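Participant: Pasting start.csv below, which is CSV, C-alpha atoms and all ligand atoms.
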chain,number,residue,atom,x,y,z
A,1217,MET,CA,-79.0,68.1,95.0
A,1218,THR,CA,-76.6,71.0,95.9
A,1219,THR,CA,-74.0,69.8,98.3
A,1220,ASP,CA,-72.3,73.1,99.1
A,1221,VAL,CA,-73.1,76.7,100.0
A,1222,ARG,CA,-71.2,79.9,99.6
A,1223,THR,CA,-70.6,81.2,103.1
A,1224,ILE,CA,-68.5,84.2,102.2
A,1225,GLU,CA,-68.0,86.1,98.9
A,1226,TRP,CA,-66.1,89.3,98.1
A,1227,THR,CA,-68.2,91.5,95.9
A,1228,GLY,CA,-65.6,94.0,94.9
A,1229,ASP,CA,-66.7,96.6,97.5
A,1230,GLY,CA,-67.7,94.4,100.4
A,1231,LEU,CA,-68.5,91.0,101.8
A,1232,ARG,CA,-71.6,88.9,101.1
A,1233,LEU,CA,-72.2,86.7,104.1
A,1234,LEU,CA,-74.7,83.9,104.4
A,1235,ASP,CA,-76.5,84.9,107.6
A,1236,GLN,CA,-76.1,81.8,109.8
A,1237,THR,CA,-78.3,83.2,112.6
A,1238,VAL,CA,-81.5,82.6,110.6
A,1239,LEU,CA,-80.9,79.1,109.2
A,1240,PRO,CA,-82.5,76.7,108.8
A,1241,GLY,CA,-85.7,78.7,108.5
A,1242,ARG,CA,-84.4,81.3,106.1
A,1243,VAL,CA,-81.6,81.6,103.6
A,1244,GLU,CA,-80.5,85.2,103.7
A,1245,TYR,CA,-77.4,87.1,102.9
A,1246,LEU,CA,-75.9,90.1,104.6
A,1247,THR,CA,-74.0,92.8,102.8
A,1248,VAL,CA,-71.1,94.1,104.9
A,1249,ARG,CA,-69.3,97.2,103.8
A,1250,ASP,CA,-67.7,98.5,107.0
A,1251,VAL,CA,-65.8,97.3,110.0
A,1252,ASP,CA,-68.7,97.8,112.5
A,1253,ALA,CA,-71.0,95.6,110.5
A,1254,LEU,CA,-68.3,92.9,110.2
A,1255,VAL,CA,-67.4,92.9,113.9
A,1256,ASP,CA,-71.1,92.7,114.6
A,1257,ALA,CA,-71.6,89.8,112.2
A,1258,ILE,CA,-68.7,87.9,113.8
A,1259,ARG,CA,-69.9,88.5,117.4
A,1260,ARG,CA,-73.5,87.4,116.5
A,1261,LEU,CA,-72.2,84.3,114.7
A,1262,ALA,CA,-73.7,85.4,111.4
A,1263,VAL,CA,-70.4,84.2,110.1
A,1264,ARG,CA,-68.7,81.6,112.3
A,1265,GLY,CA,-66.5,78.5,112.4
A,1266,ALA,CA,-62.7,78.8,112.6
A,1267,PRO,CA,-61.7,78.7,108.9
A,1268,ALA,CA,-64.6,81.0,107.8
A,1269,LEU,CA,-63.5,83.4,110.5
A,1270,GLY,CA,-60.0,83.3,109.0
A,1271,VAL,CA,-61.4,84.3,105.6
A,1272,ALA,CA,-63.7,86.9,107.0
A,1273,GLY,CA,-60.8,88.4,109.0
A,1274,ALA,CA,-58.7,88.6,105.8
A,1275,PHE,CA,-61.4,90.3,103.8
A,1276,GLY,CA,-62.0,92.5,106.9
A,1277,VAL,CA,-58.7,94.1,106.3
A,1278,ALA,CA,-59.7,94.9,102.7
A,1279,LEU,CA,-62.9,96.4,104.1
A,1280,ALA,CA,-61.0,98.5,106.6
A,1281,VAL,CA,-58.5,99.7,103.9
A,1282,ARG,CA,-61.5,100.8,101.7
A,1283,GLN,CA,-63.3,102.4,104.6
A,1284,ALA,CA,-60.1,104.3,105.5
A,1285,ALA,CA,-59.9,105.8,102.0
A,1286,ARG,CA,-63.6,106.6,101.9
A,1287,GLU,CA,-63.7,108.2,105.4
A,1288,GLY,CA,-60.3,109.8,105.5
A,1289,TRP,CA,-58.9,107.8,108.4
A,1290,ASP,CA,-55.2,108.1,109.3
A,1291,ASP,CA,-53.1,105.0,109.6
A,1292,ALA,CA,-53.5,104.8,113.4
A,1293,ARG,CA,-57.3,104.7,113.1
A,1294,ARG,CA,-57.1,102.2,110.2
A,1295,ASP,CA,-54.9,99.9,112.3
A,1296,ALA,CA,-57.1,100.3,115.4
A,1297,GLU,CA,-60.1,99.2,113.3
A,1298,ILE,CA,-58.2,96.2,111.9
A,1299,ALA,CA,-57.3,95.3,115.4
A,1300,ARG,CA,-61.0,95.3,116.3
A,1301,VAL,CA,-61.7,92.7,113.6
A,1302,ARG,CA,-58.8,90.6,114.7
A,1303,ALA,CA,-60.1,90.5,118.3
A,1304,ALA,CA,-63.8,90.1,117.6
A,1305,ARG,CA,-63.7,86.6,118.8
A,1306,PRO,CA,-60.8,85.1,120.8
A,1307,THR,CA,-60.7,81.3,120.5
A,1308,ALA,CA,-60.3,80.4,116.8
A,1309,VAL,CA,-56.7,81.2,115.9
A,1310,ASN,CA,-57.8,81.5,112.2
A,1311,LEU,CA,-59.3,84.9,112.7
A,1312,ALA,CA,-56.1,86.6,113.9
A,1313,ALA,CA,-54.1,84.5,111.5
A,1314,GLY,CA,-56.3,85.6,108.5
A,1315,VAL,CA,-55.8,89.2,109.4
A,1316,ASP,CA,-52.1,88.8,109.9
A,1317,ARG,CA,-51.6,87.0,106.6
A,1318,VAL,CA,-53.0,89.9,104.5
A,1319,LEU,CA,-51.7,92.8,106.5
A,1320,PRO,CA,-48.5,93.2,104.5
A,1321,PHE,CA,-50.7,94.0,101.5
A,1322,ALA,CA,-52.5,96.9,103.1
A,1323,ALA,CA,-50.0,99.4,101.9
A,1324,LYS,CA,-50.8,98.4,98.3
A,1325,GLY,CA,-54.5,99.1,98.7
A,1326,ALA,CA,-57.8,97.2,99.2
A,1327,ASP,CA,-57.6,95.3,95.9
A,1328,ALA,CA,-54.3,93.8,96.8
A,1329,VAL,CA,-55.6,92.8,100.2
A,1330,ALA,CA,-58.7,91.3,98.7
A,1331,ALA,CA,-56.7,89.3,96.2
A,1332,GLU,CA,-54.6,87.8,99.1
A,1333,ALA,CA,-57.8,87.2,101.1
A,1334,GLN,CA,-59.3,85.4,98.1
A,1335,ALA,CA,-56.2,83.2,98.1
A,1336,VAL,CA,-56.9,82.3,101.7
A,1337,LEU,CA,-60.5,81.4,100.7
A,1338,ASP,CA,-59.3,79.3,97.8
A,1339,GLU,CA,-56.7,77.5,99.8
A,1340,ASP,CA,-59.3,76.7,102.4
A,1341,VAL,CA,-61.6,75.0,100.0
A,1342,ARG,CA,-58.7,73.0,98.4
A,1343,GLY,CA,-57.4,72.1,101.9
A,1344,ASN,CA,-60.9,70.9,103.0
A,1345,ARG,CA,-61.1,68.6,99.9
A,1346,ALA,CA,-57.7,67.1,100.9
A,1347,ILE,CA,-58.8,66.7,104.6
A,1348,GLY,CA,-61.9,64.9,103.4
A,1349,VAL,CA,-59.9,62.3,101.4
A,1350,LEU,CA,-57.2,61.8,104.0
A,1351,GLY,CA,-59.7,61.6,106.8
A,1352,ALA,CA,-61.9,59.1,105.0
A,1353,ASP,CA,-58.9,56.9,104.1
A,1354,TRP,CA,-57.7,56.9,107.7
A,1355,ILE,CA,-61.1,56.2,109.2
A,1356,LEU,CA,-61.8,53.3,106.7
A,1357,GLY,CA,-58.3,51.9,107.4
A,1358,ARG,CA,-58.9,52.1,111.1
A,1359,THR,CA,-62.4,50.8,111.4
A,1360,GLY,CA,-62.0,48.0,108.9
A,1361,GLY,CA,-64.7,46.0,107.2
A,1362,ASP,CA,-66.9,47.3,104.4
A,1363,ARG,CA,-70.1,48.2,106.1
A,1364,PRO,CA,-71.3,51.8,106.2
A,1365,LEU,CA,-70.3,53.7,109.3
A,1366,ARG,CA,-72.2,55.5,112.0
A,1367,VAL,CA,-70.5,58.8,112.5
A,1368,LEU,CA,-71.0,61.3,115.4
A,1369,THR,CA,-70.2,65.0,115.0
A,1370,HIS,CA,-70.5,68.0,117.3
A,1371,CYS,CA,-71.3,71.6,116.4
A,1372,ASN,CA,-70.9,72.5,112.7
A,1373,ALA,CA,-67.6,72.0,110.9
A,1374,GLY,CA,-69.1,72.0,107.4
A,1375,ALA,CA,-69.2,74.3,104.4
A,1376,LEU,CA,-70.9,76.9,106.6
A,1377,ALA,CA,-67.9,77.0,109.0
A,1378,THR,CA,-65.4,77.2,106.2
A,1379,ALA,CA,-65.0,78.7,102.8
A,1380,GLY,CA,-66.6,75.5,101.4
A,1381,TRP,CA,-67.0,71.7,101.7
A,1382,GLY,CA,-66.1,71.6,105.4
A,1383,THR,CA,-63.5,69.9,107.6
A,1384,ALA,CA,-65.3,67.3,109.7
A,1385,LEU,CA,-68.2,67.4,107.3
A,1386,GLY,CA,-65.8,67.3,104.4
A,1387,VAL,CA,-64.7,63.9,105.8
A,1388,VAL,CA,-68.3,62.8,106.1
A,1389,ARG,CA,-69.1,64.0,102.6
A,1390,GLU,CA,-66.2,62.0,101.3
A,1391,LEU,CA,-67.2,58.9,103.2
A,1392,HIS,CA,-70.8,59.3,101.9
A,1393,GLY,CA,-69.4,59.7,98.3
A,1394,ARG,CA,-67.8,56.3,98.8
A,1395,GLY,CA,-71.1,54.8,100.0
A,1396,ARG,CA,-69.7,54.4,103.6
A,1397,VAL,CA,-72.1,56.4,105.7
A,1398,GLU,CA,-75.0,54.7,107.4
A,1399,THR,CA,-76.0,57.7,109.5
A,1400,VAL,CA,-74.7,60.8,111.2
A,1401,TYR,CA,-75.5,61.6,114.8
A,1402,ALA,CA,-75.4,65.4,114.9
A,1403,ASP,CA,-75.2,66.8,118.4
A,1404,GLU,CA,-77.6,69.7,118.6
A,1405,THR,CA,-74.9,71.9,120.2
A,1406,ARG,CA,-76.3,74.1,122.9
A,1407,PRO,CA,-76.7,76.9,123.4
A,1408,LEU,CA,-76.8,78.2,119.8
A,1409,LEU,CA,-77.7,75.0,118.1
A,1410,GLN,CA,-75.1,74.9,115.4
A,1411,GLY,CA,-75.6,71.1,115.1
A,1412,SER,CA,-79.3,71.0,114.7
A,1413,ARG,CA,-79.7,74.3,112.7
A,1414,LEU,CA,-76.6,74.1,110.5
A,1415,THR,CA,-75.1,70.6,110.4
A,1416,ALA,CA,-78.4,68.9,109.9
A,1417,TRP,CA,-79.3,71.5,107.2
A,1418,GLU,CA,-76.1,70.8,105.4
A,1419,LEU,CA,-76.3,67.0,105.7
A,1420,ARG,CA,-79.9,67.1,104.4
A,1421,ARG,CA,-79.0,69.2,101.4
A,1422,ALA,CA,-76.2,66.7,100.7
A,1423,GLY,CA,-78.6,63.7,101.0
A,1424,ILE,CA,-76.6,62.3,103.9
A,1425,PRO,CA,-78.8,60.5,106.5
A,1426,CYS,CA,-78.7,62.1,109.9
A,1427,VAL,CA,-80.4,62.4,113.2
A,1428,VAL,CA,-80.1,65.2,115.7
A,1429,GLN,CA,-79.6,64.4,119.3
A,1430,ALA,CA,-79.3,66.4,122.5
A,1431,ASP,CA,-75.7,67.0,123.5
A,1432,ALA,CA,-76.3,65.1,126.7
A,1433,ALA,CA,-77.3,62.0,124.7
A,1434,ALA,CA,-73.9,61.7,123.0
A,1435,PRO,CA,-71.9,59.8,125.6
A,1436,SER,CA,-74.6,57.3,126.0
A,1437,THR,CA,-75.1,56.8,122.3
A,1438,ILE,CA,-71.4,56.2,122.0
A,1439,LEU,CA,-71.2,53.7,125.0
A,1440,ARG,CA,-74.2,51.8,123.7
A,1441,GLY,CA,-72.2,50.9,120.7
A,1442,LEU,CA,-74.2,53.0,118.2
A,1443,VAL,CA,-71.3,55.0,116.9
A,1444,ASP,CA,-68.2,53.8,114.9
A,1445,VAL,CA,-66.3,57.1,114.9
A,1446,ALA,CA,-66.6,60.7,116.1
A,1447,VAL,CA,-65.3,63.5,113.8
A,1448,ILE,CA,-65.2,67.1,114.9
A,1449,GLY,CA,-63.5,70.3,113.8
A,1450,ALA,CA,-61.3,72.6,115.9
A,1451,ASP,CA,-60.9,76.2,116.7
A,1452,ARG,CA,-57.3,76.0,117.9
A,1453,VAL,CA,-54.9,73.1,118.1
A,1454,ALA,CA,-51.8,73.6,120.4
A,1455,ALA,CA,-48.4,72.3,119.5
A,1456,ASN,CA,-48.9,69.2,121.6
A,1457,GLY,CA,-52.2,68.3,120.0
A,1458,ASP,CA,-54.5,69.6,122.7
A,1459,THR,CA,-57.7,70.7,120.8
A,1460,ALA,CA,-60.1,73.5,121.5
A,1461,ASN,CA,-63.5,73.1,119.9
A,1462,LYS,CA,-67.1,73.9,120.7
A,1463,ILE,CA,-68.2,73.2,124.3
A,1464,GLY,CA,-69.3,69.6,124.6
A,1465,SER,CA,-66.5,68.2,122.4
A,1466,LEU,CA,-64.6,67.0,125.5
A,1467,GLY,CA,-67.5,64.9,126.6
A,1468,VAL,CA,-67.6,63.2,123.2
A,1469,ALA,CA,-63.8,62.5,123.4
A,1470,LEU,CA,-64.1,61.0,126.9
A,1471,ALA,CA,-66.9,58.8,125.8
A,1472,CYS,CA,-65.0,57.7,122.7
A,1473,ARG,CA,-62.0,56.7,124.8
A,1474,ALA,CA,-64.3,54.8,127.2
A,1475,ALA,CA,-65.9,53.0,124.2
A,1476,GLY,CA,-62.6,52.4,122.4
A,1477,ILE,CA,-63.6,54.1,119.2
A,1478,PRO,CA,-61.6,56.8,117.4
A,1479,PHE,CA,-62.1,60.5,118.2
A,1480,VAL,CA,-60.9,62.3,115.0
A,1481,VAL,CA,-60.2,66.0,114.7
A,1482,ALA,CA,-60.3,67.4,111.2
A,1483,ALA,CA,-58.7,70.9,110.8
A,1484,PRO,CA,-56.5,72.8,108.4
A,1485,TRP,CA,-52.9,73.8,109.4
A,1486,SER,CA,-54.2,77.3,109.8
A,1487,THR,CA,-56.0,76.2,113.0
A,1488,VAL,CA,-52.7,74.9,114.5
A,1489,ASP,CA,-51.1,77.3,116.9
A,1490,LEU,CA,-47.5,76.3,117.3
A,1491,ALA,CA,-46.9,79.3,119.6
A,1492,LEU,CA,-49.0,77.6,122.2
A,1493,PRO,CA,-47.2,74.6,123.8
A,1494,ASP,CA,-50.4,73.1,125.2
A,1495,GLY,CA,-54.1,73.8,125.5
A,1496,THR,CA,-53.9,75.6,128.9
A,1497,GLY,CA,-53.1,78.9,127.0
A,1498,VAL,CA,-56.2,78.8,124.7
A,1499,PRO,CA,-58.4,81.9,125.3
A,1500,ILE,CA,-61.8,80.5,125.9
A,1501,GLU,CA,-64.6,82.8,124.8
A,1502,GLN,CA,-67.3,83.5,127.4
A,1503,ARG,CA,-70.6,84.2,125.6
A,1504,PRO,CA,-73.4,86.4,126.9
A,1505,ALA,CA,-75.4,84.9,129.8
A,1506,GLU,CA,-78.7,85.5,127.8
A,1507,GLU,CA,-77.8,82.7,125.5
A,1508,ILE,CA,-78.3,80.3,128.5
A,1509,LEU,CA,-81.0,82.2,130.5
A,1510,ALA,CA,-83.7,82.5,127.8
A,1511,TRP,CA,-85.3,80.5,125.1
A,1512,ASN,CA,-87.0,82.3,122.2
A,1513,GLY,CA,-87.0,85.5,124.4
A,1514,ALA,CA,-88.7,83.7,127.4
A,1515,PRO,CA,-86.7,83.2,130.6
A,1516,THR,CA,-85.8,79.6,131.4
A,1517,VAL,CA,-84.1,80.4,134.7
A,1518,PRO,CA,-85.5,81.9,137.9
A,1519,ASP,CA,-84.9,85.6,138.5
A,1520,GLY,CA,-81.5,86.3,140.0
A,1521,VAL,CA,-79.7,83.2,138.7
A,1522,ASP,CA,-76.7,83.9,136.5
A,1523,ALA,CA,-75.2,81.8,133.8
A,1524,PHE,CA,-71.7,80.3,133.0
A,1525,ASN,CA,-71.4,80.2,129.3
A,1526,PRO,CA,-68.0,79.1,128.0
A,1527,ALA,CA,-68.2,78.6,124.2
A,1528,PHE,CA,-65.4,76.1,123.9
A,1529,ASP,CA,-63.6,73.4,125.7
A,1530,VAL,CA,-60.1,71.8,125.4
A,1531,THR,CA,-59.7,68.1,124.7
A,1532,PRO,CA,-56.4,66.9,125.9
A,1533,ALA,CA,-54.1,65.4,123.2
A,1534,ARG,CA,-54.2,62.0,124.9
A,1535,LEU,CA,-57.9,61.7,123.9
A,1536,VAL,CA,-57.4,62.8,120.3
A,1537,THR,CA,-56.9,59.6,118.2
A,1538,ALA,CA,-56.1,61.4,115.0
A,1539,LEU,CA,-55.7,65.0,113.7
A,1540,VAL,CA,-56.4,65.2,110.0
A,1541,THR,CA,-54.9,68.2,108.2
A,1542,GLU,CA,-54.6,68.8,104.5
A,1543,THR,CA,-51.0,67.5,104.6
A,1544,GLY,CA,-51.6,64.2,106.4
A,1545,VAL,CA,-52.9,62.5,109.5
A,1546,LEU,CA,-51.2,62.7,112.9
A,1547,GLU,CA,-52.0,59.9,115.4
A,1548,VAL,CA,-51.9,62.3,118.3
A,1549,SER,CA,-52.8,60.0,121.2
A,1550,SER,CA,-50.0,57.7,120.0
A,1551,GLY,CA,-47.4,60.5,120.2
A,1552,ASP,CA,-47.6,62.3,116.8
A,1553,THR,CA,-48.0,66.0,117.5
A,1554,PRO,CA,-48.1,69.1,115.3
A,1555,ARG,CA,-44.9,70.1,117.1
A,1556,HIS,CA,-43.1,67.0,116.0
A,1557,VAL,CA,-44.2,67.5,112.4
A,1558,ARG,CA,-43.0,71.1,112.2
A,1559,SER,CA,-39.8,70.5,114.0
A,1560,GLY,CA,-39.2,67.3,111.9
A,1561,ALA,CA,-38.6,65.4,115.1
B,1,LIG,O1,-69.0,79.2,118.0
B,1,LIG,P1,-68.7,78.7,116.6
B,1,LIG,O2,-70.0,78.3,115.9
B,1,LIG,O3,-67.9,79.6,115.8
B,1,LIG,O4,-67.9,77.4,116.9
B,1,LIG,C1,-67.5,76.6,115.8
B,1,LIG,C2,-66.8,75.3,116.1
B,1,LIG,O5,-66.6,75.0,117.3
B,1,LIG,C3,-66.3,74.5,115.0
B,1,LIG,O6,-66.4,73.1,115.3
B,1,LIG,C4,-64.9,74.9,114.7
B,1,LIG,O7,-64.8,76.3,114.5
B,1,LIG,C5,-64.4,74.2,113.5
B,1,LIG,S1,-65.2,74.7,112.0
B,1,LIG,C6,-64.5,73.9,110.7
Could you quickly redo this structure as structure tokens?
Facilitator:
Amino acid sequence: MTTDVRTIEWTGDGLRLLDQTVLPGRVEYLTVRDVDALVDAIRRLAVRGAPALGVAGAFGVALAVRQAAREGWDDARRDAEIARVRAARPTAVNLAAGVDRVLPFAAKGADAVAAEAQAVLDEDVRGNRAIGVLGADWILGRTGGDRPLRVLTHCNAGALATAGWGTALGVVRELHGRGRVETVYADETRPLLQGSRLTAWELRRAGIPCVVQADAAAPSTILRGLVDVAVIGADRVAANGDTANKIGSLGVALACRAAGIPFVVAAPWSTVDLALPDGTGVPIEQRPAEEILAWNGAPTVPDGVDAFNPAFDVTPARLVTALVTETGVLEVSSGDTPRHVRSGA
């Protein structure tokens, strides 16, 4: 059975994106050839997940450079369009980082930008494989014994959210490959259901046993002793280890602390933002109220009631047992932080 999907591909003159808004019912691809279409795909979450956004942002610069040549834009217009891609969603640092990484190649033309963007994509897949192995090693060392584990995850940090394999789900795939997954509790992840629509889809394709639960069930499942470890991804990790991820992640972390089980964040270094001393500076995306106020087009709220719809929350470093990156594992709640690693302290 196929275990991976291609979220993003450069076709030579544009981007081919797996449209994540129509999964799991339909597997369809979008062809994106201009900046407007890419910004729209990012905002609608047709492409989503921090590392995938980094890759999309990098290829977005190639798109903008091609479009500039095609439509006769001057440099100011081209730069303004690139800035729109960079700012299309605010929380995942990877989007801006992906754009910034390839910008120096813009003067050499779209092919040079696309080649560097492809390097971002390839590095992401390699990094995820390393995260999977390091995360599985750490979890098995920490949980002890040799029985298969019950793993909880929130949102989707799989192949769909990255260039391939996944971060949190990369760890789950690796554990499964070693015969060490009993089941995965996939939080459905309101309001856009990345857990039930995307994570469950990926796990099923990979033959990994899973159940979907309402987000509100997660703390109780954890405190009832039904979970051995929680593994999630991240959109931005501050220098002190504070971690922004999909709304609802904080509740999982609090429950893990109360139950005394590890809360593990799996993310590439490209998600670490050393410019932010702590999580208070993370820009939290507010999504449209309609995502909360309606279901399948039908209102779920009385007329005149508005919504509060933050897409992310920040888990304080003291609740993050471990941060697994492609270069190693930091035991954050014990005092290891990204800042310490980078400063060599
Ligand atoms: O709003 P989304 O679907 O882009 O949110 C995605 C998440 O919160 C993921 O957990 C995070 O980006 C890590 S993906 C490896």
Participant: Let me make sure I understand: among A:Thr1307, A:Gln1334, A:Ser1465, A:Thr1459, which one has the smallest atom-to-atom distance to Gly1276 of chain A if we use only C-alpha atoms?
Facilitator: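 Of A:Thr1307, A:Gln1334, A:Ser1465, A:Thr1459, the one nearest Gly1276 of chain A is A:Gln1334, counting only C-alpha atoms.
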Participant: Using all atoms listed in the file, which protein or nucleic acid residues are at most 8 Å from ligand LIG 1 (chain B), as a VMD selection string?
Facilitator: chain A and resid 1261 1263 to 1269 1308 1370 to 1375 1377 to 1378 1382 to 1384 1408 1410 1448 to 1451 1460 to 1463 1482 to 1483 1527 to 1528
Participant: Residues as selected, C-alpha atoms, written as an mmCIF file, in the frame of the given file, can you do that?
Facilitator:
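Generated file (out32.cif):
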data_model
loop_
_atom_site.group_PDB
_atom_site.id
_atom_site.type_symbol
_atom_site.label_atom_id
_atom_site.label_comp_id
_atom_site.auth_asym_id
_atom_site.auth_seq_id
_atom_site.Cartn_x
_atom_site.Cartn_y
_atom_site.Cartn_z
ATOM 1 C CA LEU A 1261 -72.200 84.300 114.700
ATOM 2 C CA VAL A 1263 -70.400 84.200 110.100
ATOM 3 C CA ARG A 1264 -68.700 81.600 112.300
ATOM 4 C CA GLY A 1265 -66.500 78.500 112.400
ATOM 5 C CA ALA A 1266 -62.700 78.800 112.600
ATOM 6 C CA PRO A 1267 -61.700 78.700 108.900
ATOM 7 C CA ALA A 1268 -64.600 81.000 107.800
ATOM 8 C CA LEU A 1269 -63.500 83.400 110.500
ATOM 9 C CA ALA A 1308 -60.300 80.400 116.800
ATOM 10 C CA HIS A 1370 -70.500 68.000 117.300
ATOM 11 C CA CYS A 1371 -71.300 71.600 116.400
ATOM 12 C CA ASN A 1372 -70.900 72.500 112.700
ATOM 13 C CA ALA A 1373 -67.600 72.000 110.900
ATOM 14 C CA GLY A 1374 -69.100 72.000 107.400
ATOM 15 C CA ALA A 1375 -69.200 74.300 104.400
ATOM 16 C CA ALA A 1377 -67.900 77.000 109.000
ATOM 17 C CA THR A 1378 -65.400 77.200 106.200
ATOM 18 C CA GLY A 1382 -66.100 71.600 105.400
ATOM 19 C CA THR A 1383 -63.500 69.900 107.600
ATOM 20 C CA ALA A 1384 -65.300 67.300 109.700
ATOM 21 C CA LEU A 1408 -76.800 78.200 119.800
ATOM 22 C CA GLN A 1410 -75.100 74.900 115.400
ATOM 23 C CA ILE A 1448 -65.200 67.100 114.900
ATOM 24 C CA GLY A 1449 -63.500 70.300 113.800
ATOM 25 C CA ALA A 1450 -61.300 72.600 115.900
ATOM 26 C CA ASP A 1451 -60.900 76.200 116.700
ATOM 27 C CA ALA A 1460 -60.100 73.500 121.500
ATOM 28 C CA ASN A 1461 -63.500 73.100 119.900
ATOM 29 C CA LYS A 1462 -67.100 73.900 120.700
ATOM 30 C CA ILE A 1463 -68.200 73.200 124.300
ATOM 31 C CA ALA A 1482 -60.300 67.400 111.200
ATOM 32 C CA ALA A 1483 -58.700 70.900 110.800
ATOM 33 C CA ALA A 1527 -68.200 78.600 124.200
ATOM 34 C CA PHE A 1528 -65.400 76.100 123.900
#
Participant: If you count only C-alpha atoms, which residues fall within 10 Å of Ile1347 of chain A, apart from same-chain ones fewer than 5 positions away, as a list in words?
Facilitator: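 The filter keeps Val1341, Arg1342, Ala1352, Asp1353, Gly1382, Thr1383, Ala1384, Leu1385, Gly1386, Val1387, Glu1390, Ala1482, Ala1483, Pro1484, Leu1539, Val1540, Thr1541, Glu1542, Thr1543, Gly1544 and Val1545 of chain A.
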Participant: Any idea what's packed within 9 Å of Ala1330 of chain A, counting only C-alpha atoms, ignoring anything in its chain fewer than 3 positions away? Could you give it as a PyMOL selection string?
Facilitator: chain A and resi 1226+1228+1274-1279+1318+1321+1325-1327+1333-1335
Participant: Near Ala1313 of chain A, counting all atoms listed in the file, which residues have an atom at most 8 Å away, once you skip same-chain residues fewer than 4 positions from it, shown as a ChimeraX atom specification?
Facilitator: /A:1270,1309,1317,1486
Participant: Nearest to Gln1236 of chain A among A:Gly1314, A:Gly1497, A:Pro1320, A:Gly1411, with distances taken over only C-alpha atoms: which residue is it?
Facilitator: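 For Gln1236 of chain A, the nearest of the candidates is A:Gly1411.
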Participant: For a quick check of understanding, using only C-alpha atoms, which of A:Pro1499, A:Gly1464, A:Gly1273, A:Pro1364 has the smallest distance to Arg1396 of chain A?
Facilitator: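 Closest residue, counting only C-alpha atoms: A:Pro1364.
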Participant: Counting only C-alpha atoms, figure out which residue out of A:Val1251, A:Val1315, A:Val1445, A:Leu1535 gets nearest to Gln1283 of chain A.
Facilitator: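 When distances to Gln1283 of chain A are compared using only C-alpha atoms, the smallest one comes from A:Val1251.
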Participant: What residues have an atom no more than 8 Å from (-70.1, 84.6, 124.2) in the file's own frame, counting all atoms listed in the file, and can you write them as a PyMOL selection string?
Facilitator: chain A and resi 1259+1501-1505+1525-1527
Participant: What is the distance between atom CA of Asp1522 of chain A and atom CA of Pro1407 of chain A, in Å to one decimal?
Facilitator: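 Between atom CA of Asp1522 of chain A and atom CA of Pro1407 of chain A the gap is 14.9 Å.
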Participant: Would you mind exporting segment 1523-1561 of chain A with C-alpha atoms, as a PDB file, in the first residue's frame?
Facilitator:
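Final output, saved to selection_7.pdb:
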ATOM      1  CA  ALA A1523     -17.198  33.738  16.266  1.00  0.00           C
ATOM      2  CA  PHE A1524     -13.709  33.774  17.765  1.00  0.00           C
ATOM      3  CA  ASN A1525     -11.543  31.648  15.485  1.00  0.00           C
ATOM      4  CA  PRO A1526      -7.822  31.613  16.300  1.00  0.00           C
ATOM      5  CA  ALA A1527      -6.169  28.932  14.144  1.00  0.00           C
ATOM      6  CA  PHE A1528      -3.236  28.269  16.491  1.00  0.00           C
ATOM      7  CA  ASP A1529      -2.251  28.238  20.141  1.00  0.00           C
ATOM      8  CA  VAL A1530       1.093  28.410  21.921  1.00  0.00           C
ATOM      9  CA  THR A1531       2.221  25.654  24.265  1.00  0.00           C
ATOM     10  CA  PRO A1532       4.685  26.948  26.843  1.00  0.00           C
ATOM     11  CA  ALA A1533       8.142  25.333  26.723  1.00  0.00           C
ATOM     12  CA  ARG A1534       7.680  23.909  30.227  1.00  0.00           C
ATOM     13  CA  LEU A1535       4.995  21.577  28.833  1.00  0.00           C
ATOM     14  CA  VAL A1536       7.067  20.401  25.831  1.00  0.00           C
ATOM     15  CA  THR A1537       8.817  17.230  26.923  1.00  0.00           C
ATOM     16  CA  ALA A1538      10.873  16.916  23.743  1.00  0.00           C
ATOM     17  CA  LEU A1539      11.442  18.792  20.498  1.00  0.00           C
ATOM     18  CA  VAL A1540      12.603  16.421  17.768  1.00  0.00           C
ATOM     19  CA  THR A1541      14.391  18.060  14.858  1.00  0.00           C
ATOM     20  CA  GLU A1542      16.422  16.495  12.058  1.00  0.00           C
ATOM     21  CA  THR A1543      19.596  17.164  14.028  1.00  0.00           C
ATOM     22  CA  GLY A1544      18.613  15.723  17.399  1.00  0.00           C
ATOM     23  CA  VAL A1545      16.223  15.783  20.317  1.00  0.00           C
ATOM     24  CA  LEU A1546      15.992  18.656  22.807  1.00  0.00           C
ATOM     25  CA  GLU A1547      14.420  17.850  26.165  1.00  0.00           C
ATOM     26  CA  VAL A1548      12.778  21.241  26.400  1.00  0.00           C
ATOM     27  CA  SER A1549      10.910  20.994  29.711  1.00  0.00           C
ATOM     28  CA  SER A1550      14.197  19.887  31.307  1.00  0.00           C
ATOM     29  CA  GLY A1551      15.961  23.028  30.106  1.00  0.00           C
ATOM     30  CA  ASP A1552      17.269  22.204  26.601  1.00  0.00           C
ATOM     31  CA  THR A1553      16.135  24.936  24.222  1.00  0.00           C
ATOM     32  CA  PRO A1554      16.756  25.816  20.573  1.00  0.00           C
ATOM     33  CA  ARG A1555      18.512  28.954  21.858  1.00  0.00           C
ATOM     34  CA  HIS A1556      20.988  26.843  23.851  1.00  0.00           C
ATOM     35  CA  VAL A1557      21.756  24.629  20.875  1.00  0.00           C
ATOM     36  CA  ARG A1558      22.366  27.504  18.469  1.00  0.00           C
ATOM     37  CA  SER A1559      24.414  29.511  20.949  1.00  0.00           C
ATOM     38  CA  GLY A1560      26.320  26.393  21.989  1.00  0.00           C
ATOM     39  CA  ALA A1561      25.516  27.164  25.638  1.00  0.00           C
TER      40      ALA A1561
END
